[in-house]
Amino acid sequence: MPLGMNLVTEEFLSAVRALPKAELHLHIEGTLEPAMLMRLAAKHSVSLPYQSEAEVHAAYDFSDLQSFLDIYYLGAGVLIDEQDFYDLMFAYLSRCRDEGIVHSEIMFDPQTHTDRGISFGTVMDGFLRAMASAQREWGQSSALIMSFLRHLDEDRAFQTLKQAEPYRDHIQSVGLDSSELGHPPEKFAGVYAEARSQGYRPVAHAGEEGPPEYIWGALNTLEVERIDHGVRCLEDDALVQHLVEHQIPLTVCPLSNVRLCVFPEMLQHPLLDMLDRGLNVTVNSDDPPYFGGYLMDNFESLHENLSLDLDQAKRLAVNSINSSFLSSDIKEGWLTQLSSP
Ligand SMILES: [Zn+2]
């Protein structure tokens with residue numbers, strides 16, 4: 001038990017860990033731990049502006065989304081061969097097993113790699129091999145969300161969609177991430193229409209740093225089935241009403257929001273208000289080592305700062321299963337498990 005953690009907290013965390021949960025907002029490139037970053041940099045003789053893991057940790061002190069993204073892209077530069085992508089994915093899926101995440105829908109940014117001369121196939125082959133290993137070894141369920149970088153133009157997103165064609169059956173969804181401000185959803189209307197026509201399930205980041213209008217844009221123009229983040233919906237009552245009425249999932253990332261200064265501290269995080277207002281919110285870790293923790297760390301922080309209780313944690317777990325793209329019979333199995341006392 002970590003120093004300072006009381007028994008009540010430990011019992012709460014064990015109970016939450018045992019709940020079957022889905023994680024729906026996780027960037028695989030954002031799971032790169034400082035130790036793996038240093039190991040892969042040495043393996044490939046990539047020079048980094050850091051000499052030690054401690055220096056990497058110190059660099060993770062961000063002031064906003066952009067200052068995080070600068071380090072995130074630098075870190076991704078050590079991912080080079082198929083084994084690197086395998087190792088990255090397998091490390092995250094092992095974490096899922098330890099935290100009771102029975103299913104994860106995982107975002108990846110092909111453009112971060114293809115722009116560095118890494119082939120789409122190298123990335124995919126590593127990821128898919130790790131996902132198959134985890135499925136075989138302990139029944140881990142996972143799916144991929146191919147995310148377009150919104151600071152690049154739509155033509156580039158179309159190229160990425162084209163490159164994904166040989167892997168169509170292995171990619172469930174398309175998403176939109178990276179710098180939000182100044183890059184509204186409407187910029188990607190064409191590529192989303194094409195992706196939807198090919199059967200991809202559309203999701204998009206909206207309303208993290210961007211205004212509520214970006215959430216409306218993601219819903220109305222991109223026709224997304226889920227909103228990633230979406231916390232700024234609270235500034236628009238009509239939007240909240242719409243999201244509640246249609247039970248559109250919001251994949252909220254509390255520790256990420258605090259680290260990127262969307263809210264000054266966890267005490268100000270509106271997650272429980274959102275739950276009370278009937279919004280279909282889920283808890284997710286976004287880019288865990290960069291933002292101070294994995295899914296269970298998020299639950300711990302919510303418990304300590306906002307007194308999240310076990311009933312609320314259960315509702316969040318139910319929302320996560322319901323909001324996933326799992327088939328209805330698989331959802332039913334997990335929900336039955338969640339409804340038993
Ligand atoms: Zn994200």
# chains A, B, ... in the order shown; residues from 1 in each chain; ligands from 1

$ select_by_dssp --residues "range 122-206 of chain A" --states "strand (DSSP E or B)" --output "list of chain:residue names"
A:Ser141, A:Ser142, A:Ala143, A:Leu144, A:Ile145, A:Met146, A:Ser147, A:Phe148, A:Leu149, A:Ser173, A:Val174, A:Gly175, A:Leu176, A:Asp177, A:Arg201, A:Pro202, A:Val203, A:Ala204, A:His205, A:Ala206

$ residues_around --residues "range 56-69 of chain A" --least-positions-apart "4" --cutoff "10 Å" --atoms "only C-alpha atoms" --output "ChimeraX atom specification"
/A:30,33-35,37-38,48-52,73-75,178-181,208-209,256-262,289-292

$ write_last_selection --atoms "C-alpha atoms" --output "PDB file, in the first residue's frame"
ATOM      1  CA  GLY A  30       0.751   8.713 -25.285  1.00  0.00           C
ATOM      2  CA  GLU A  33       6.786   5.556 -20.394  1.00  0.00           C
ATOM      3  CA  PRO A  34      10.034   7.461 -19.752  1.00  0.00           C
ATOM      4  CA  ALA A  35      11.870   4.129 -19.288  1.00  0.00           C
ATOM      5  CA  LEU A  37      11.508   6.220 -24.263  1.00  0.00           C
ATOM      6  CA  MET A  38      15.084   6.037 -22.996  1.00  0.00           C
ATOM      7  CA  LEU A  48      17.041  13.252 -26.890  1.00  0.00           C
ATOM      8  CA  PRO A  49      17.341  16.514 -24.976  1.00  0.00           C
ATOM      9  CA  TYR A  50      17.183  14.449 -21.746  1.00  0.00           C
ATOM     10  CA  GLN A  51      19.908  12.458 -20.002  1.00  0.00           C
ATOM     11  CA  SER A  52      17.755  10.450 -17.585  1.00  0.00           C
ATOM     12  CA  TYR A  73       5.810  14.229 -30.930  1.00  0.00           C
ATOM     13  CA  LEU A  74       9.433  14.274 -29.818  1.00  0.00           C
ATOM     14  CA  GLY A  75       8.824  11.070 -27.814  1.00  0.00           C
ATOM     15  CA  SER A 178      -4.002  17.070 -31.747  1.00  0.00           C
ATOM     16  CA  SER A 179      -4.276  20.885 -31.504  1.00  0.00           C
ATOM     17  CA  GLU A 180      -7.953  21.723 -31.267  1.00  0.00           C
ATOM     18  CA  LEU A 181      -8.103  25.521 -31.297  1.00  0.00           C
ATOM     19  CA  GLU A 208     -11.514  20.236 -24.562  1.00  0.00           C
ATOM     20  CA  GLU A 209      -9.883  23.599 -25.309  1.00  0.00           C
ATOM     21  CA  SER A 256      -5.423  15.068 -18.357  1.00  0.00           C
ATOM     22  CA  ASN A 257      -7.782  18.038 -17.931  1.00  0.00           C
ATOM     23  CA  VAL A 258      -6.007  19.129 -14.771  1.00  0.00           C
ATOM     24  CA  ARG A 259      -2.511  18.613 -16.174  1.00  0.00           C
ATOM     25  CA  LEU A 260      -3.352  20.619 -19.297  1.00  0.00           C
ATOM     26  CA  CYS A 261      -4.980  23.337 -17.194  1.00  0.00           C
ATOM     27  CA  VAL A 262      -8.502  22.891 -18.611  1.00  0.00           C
ATOM     28  CA  PRO A 289       2.488   8.769 -18.224  1.00  0.00           C
ATOM     29  CA  TYR A 290       2.343  12.319 -19.533  1.00  0.00           C
ATOM     30  CA  PHE A 291      -0.686  13.241 -17.424  1.00  0.00           C
ATOM     31  CA  GLY A 292       0.042  11.551 -14.128  1.00  0.00           C
TER      32      GLY A 292
END

$ residues_near_ligand --ligand "ligand 1" --cutoff "7 Å" --atoms "only C-alpha atoms and all ligand atoms" --output "list in words"
His25, Leu26, His27, Asp177, His205, Asp228 and Asp286 of chain A

$ closest_residue --among "A:Thr112, A:Asn280, A:Asn220, A:Ser141" --to "Leu243 in chain A" --atoms "only C-alpha atoms"
A:Asn280

$ closest_residue --among "A:Ile227, A:Met274, A:Met131, A:Leu335" --to "Ala91 in chain A" --atoms "only C-alpha atoms"
A:Met131

$ residues_around --residues "Pro341 in chain A" --least-positions-apart "5" --cutoff "12 Å" --atoms "only C-alpha atoms" --output "MDAnalysis selection string"
chainID A and resid 15 19 310:311 314 335:336

$ residues_around --residues "Glu235 in chain A" --least-positions-apart "6" --cutoff "10 Å" --atoms "only C-alpha atoms" --output "PDB file with N, CA and C atoms, in the first residue's frame"
ATOM      1  N   GLY A 207     -14.382  20.187 -27.702  1.00  0.00           N
ATOM      2  CA  GLY A 207     -14.769  20.792 -26.438  1.00  0.00           C
ATOM      3  C   GLY A 207     -13.820  20.481 -25.296  1.00  0.00           C
ATOM      4  N   PRO A 211     -14.388  25.600 -28.122  1.00  0.00           N
ATOM      5  CA  PRO A 211     -15.687  26.012 -27.581  1.00  0.00           C
ATOM      6  C   PRO A 211     -16.800  24.991 -27.871  1.00  0.00           C
ATOM      7  N   PRO A 212     -17.962  25.178 -27.214  1.00  0.00           N
ATOM      8  CA  PRO A 212     -19.085  24.256 -27.446  1.00  0.00           C
ATOM      9  C   PRO A 212     -19.463  24.121 -28.926  1.00  0.00           C
TER      10      PRO A 212
END

$ atom_distance --atom1 "CA of Ala313 in chain A" --atom2 "CA of Tyr294 in chain A"
15.4 Å

$ residues_around --residues "Ile80 in chain A" --least-positions-apart "2" --cutoff "9 Å" --atoms "only C-alpha atoms" --output "PyMOL selection string"
chain A and resi 40+44+76-78+82-85+113+118+122-123

$ write_last_selection --atoms "N, CA and C atoms" --output "PDB file, in the first residue's frame"
ATOM      1  N   LEU A  40      14.342   2.853 -26.053  1.00  0.00           N
ATOM      2  CA  LEU A  40      14.242   2.854 -27.514  1.00  0.00           C
ATOM      3  C   LEU A  40      15.165   3.905 -28.139  1.00  0.00           C
ATOM      4  N   HIS A  44      17.980   2.815 -30.933  1.00  0.00           N
ATOM      5  CA  HIS A  44      18.039   3.354 -32.297  1.00  0.00           C
ATOM      6  C   HIS A  44      19.020   4.538 -32.420  1.00  0.00           C
ATOM      7  N   ALA A  76       7.494  10.302 -29.685  1.00  0.00           N
ATOM      8  CA  ALA A  76       7.077   9.324 -30.703  1.00  0.00           C
ATOM      9  C   ALA A  76       8.216   9.025 -31.675  1.00  0.00           C
ATOM     10  N   GLY A  77       9.201   9.902 -31.763  1.00  0.00           N
ATOM     11  CA  GLY A  77      10.317   9.724 -32.686  1.00  0.00           C
ATOM     12  C   GLY A  77      11.212   8.528 -32.397  1.00  0.00           C
ATOM     13  N   VAL A  78      11.050   7.890 -31.227  1.00  0.00           N
ATOM     14  CA  VAL A  78      11.876   6.710 -30.934  1.00  0.00           C
ATOM     15  C   VAL A  78      11.192   5.418 -31.366  1.00  0.00           C
ATOM     16  N   GLU A  82       8.914  -2.562 -36.099  1.00  0.00           N
ATOM     17  CA  GLU A  82       7.659  -3.242 -35.762  1.00  0.00           C
ATOM     18  C   GLU A  82       7.639  -3.675 -34.301  1.00  0.00           C
ATOM     19  N   GLN A  83       8.808  -4.106 -33.791  1.00  0.00           N
ATOM     20  CA  GLN A  83       8.888  -4.562 -32.396  1.00  0.00           C
ATOM     21  C   GLN A  83       8.608  -3.404 -31.424  1.00  0.00           C
ATOM     22  N   ASP A  84       9.016  -2.185 -31.776  1.00  0.00           N
ATOM     23  CA  ASP A  84       8.752  -1.028 -30.906  1.00  0.00           C
ATOM     24  C   ASP A  84       7.240  -0.816 -30.743  1.00  0.00           C
ATOM     25  N   PHE A  85       6.525  -0.927 -31.875  1.00  0.00           N
ATOM     26  CA  PHE A  85       5.077  -0.729 -31.821  1.00  0.00           C
ATOM     27  C   PHE A  85       4.411  -1.859 -31.053  1.00  0.00           C
ATOM     28  N   HIS A 113       3.789   8.857 -37.576  1.00  0.00           N
ATOM     29  CA  HIS A 113       4.817   7.892 -37.978  1.00  0.00           C
ATOM     30  C   HIS A 113       5.120   7.962 -39.476  1.00  0.00           C
ATOM     31  N   ILE A 118       8.183   6.121 -41.473  1.00  0.00           N
ATOM     32  CA  ILE A 118       7.838   4.774 -40.993  1.00  0.00           C
ATOM     33  C   ILE A 118       6.611   4.317 -41.788  1.00  0.00           C
ATOM     34  N   THR A 122       4.307  -1.140 -40.868  1.00  0.00           N
ATOM     35  CA  THR A 122       5.167  -1.392 -39.703  1.00  0.00           C
ATOM     36  C   THR A 122       4.391  -1.088 -38.414  1.00  0.00           C
ATOM     37  N   VAL A 123       3.698   0.047 -38.424  1.00  0.00           N
ATOM     38  CA  VAL A 123       2.912   0.468 -37.259  1.00  0.00           C
ATOM     39  C   VAL A 123       1.811  -0.556 -36.980  1.00  0.00           C
TER      40      VAL A 123
END

$ closest_residue --among "A:Glu186, A:Ile106, A:Lys162, A:Leu176" --to "Gln198 in chain A" --atoms "only C-alpha atoms"
A:Lys162

$ residues_around --residues "Leu234 in chain A" --least-positions-apart "6" --cutoff "12 Å" --atoms "only C-alpha atoms" --output "list in words"
Gly207, Glu208, Pro211, Pro212, Glu213, Ile215, Val240, Gln241, His242, Leu243, Val244, Leu250, His269, Pro270, Leu271, Asp273, Met274, Leu275, Arg277 and Leu279 of chain A

$ select_by_dssp --residues "range 6-188 of chain A" --states "helix (DSSP H, G or I)" --output "count of residues only"
107

$ closest_residue --among "A:Ser147, A:Gln312, A:Gln159, A:Ser307" --to "Asp109 in chain A" --atoms "only C-alpha atoms"
A:Ser147

$ residues_around --residues "range 320-332 of chain A" --least-positions-apart "5" --cutoff "7 Å" --atoms "only C-alpha atoms" --output "list of chain:residue names"
A:Lys21, A:Ala22, A:Glu23, A:Leu24, A:Pro249, A:Thr282

$ write_last_selection --atoms "N, CA and C atoms" --output "PDB file, in the first residue's frame"
ATOM      1  N   LYS A  21     -14.496  -2.750 -16.890  1.00  0.00           N
ATOM      2  CA  LYS A  21     -14.536  -1.379 -17.428  1.00  0.00           C
ATOM      3  C   LYS A  21     -14.022  -1.372 -18.861  1.00  0.00           C
ATOM      4  N   ALA A  22     -14.497  -0.393 -19.631  1.00  0.00           N
ATOM      5  CA  ALA A  22     -13.942  -0.171 -20.971  1.00  0.00           C
ATOM      6  C   ALA A  22     -13.204   1.160 -20.943  1.00  0.00           C
ATOM      7  N   GLU A  23     -12.071   1.213 -21.616  1.00  0.00           N
ATOM      8  CA  GLU A  23     -11.392   2.505 -21.784  1.00  0.00           C
ATOM      9  C   GLU A  23     -11.549   2.916 -23.253  1.00  0.00           C
ATOM     10  N   LEU A  24     -12.064   4.130 -23.452  1.00  0.00           N
ATOM     11  CA  LEU A  24     -12.463   4.548 -24.799  1.00  0.00           C
ATOM     12  C   LEU A  24     -11.684   5.756 -25.306  1.00  0.00           C
ATOM     13  N   PRO A 249     -22.140   9.648 -25.755  1.00  0.00           N
ATOM     14  CA  PRO A 249     -21.046   9.470 -24.793  1.00  0.00           C
ATOM     15  C   PRO A 249     -20.015  10.593 -24.862  1.00  0.00           C
ATOM     16  N   THR A 282     -17.857   9.000 -19.304  1.00  0.00           N
ATOM     17  CA  THR A 282     -16.972   7.895 -18.939  1.00  0.00           C
ATOM     18  C   THR A 282     -15.656   8.498 -18.470  1.00  0.00           C
TER      19      THR A 282
END

$ atom_distance --atom1 "CA of Gly293 in chain A" --atom2 "CA of Leu255 in chain A"
7.2 Å

$ closest_residue --among "A:Arg39, A:Asp70, A:Glu55, A:Cys253" --to "Pro288 in chain A" --atoms "only C-alpha atoms"
A:Cys253

$ closest_residue --among "A:Asp287, A:Glu304, A:Asp236, A:Glu265" --to "Thr31 in chain A" --atoms "only C-alpha atoms"
A:Asp287

$ atom_distance --atom1 "CA of Leu267 in chain A" --atom2 "CA of Ser104 in chain A"
27.4 Å
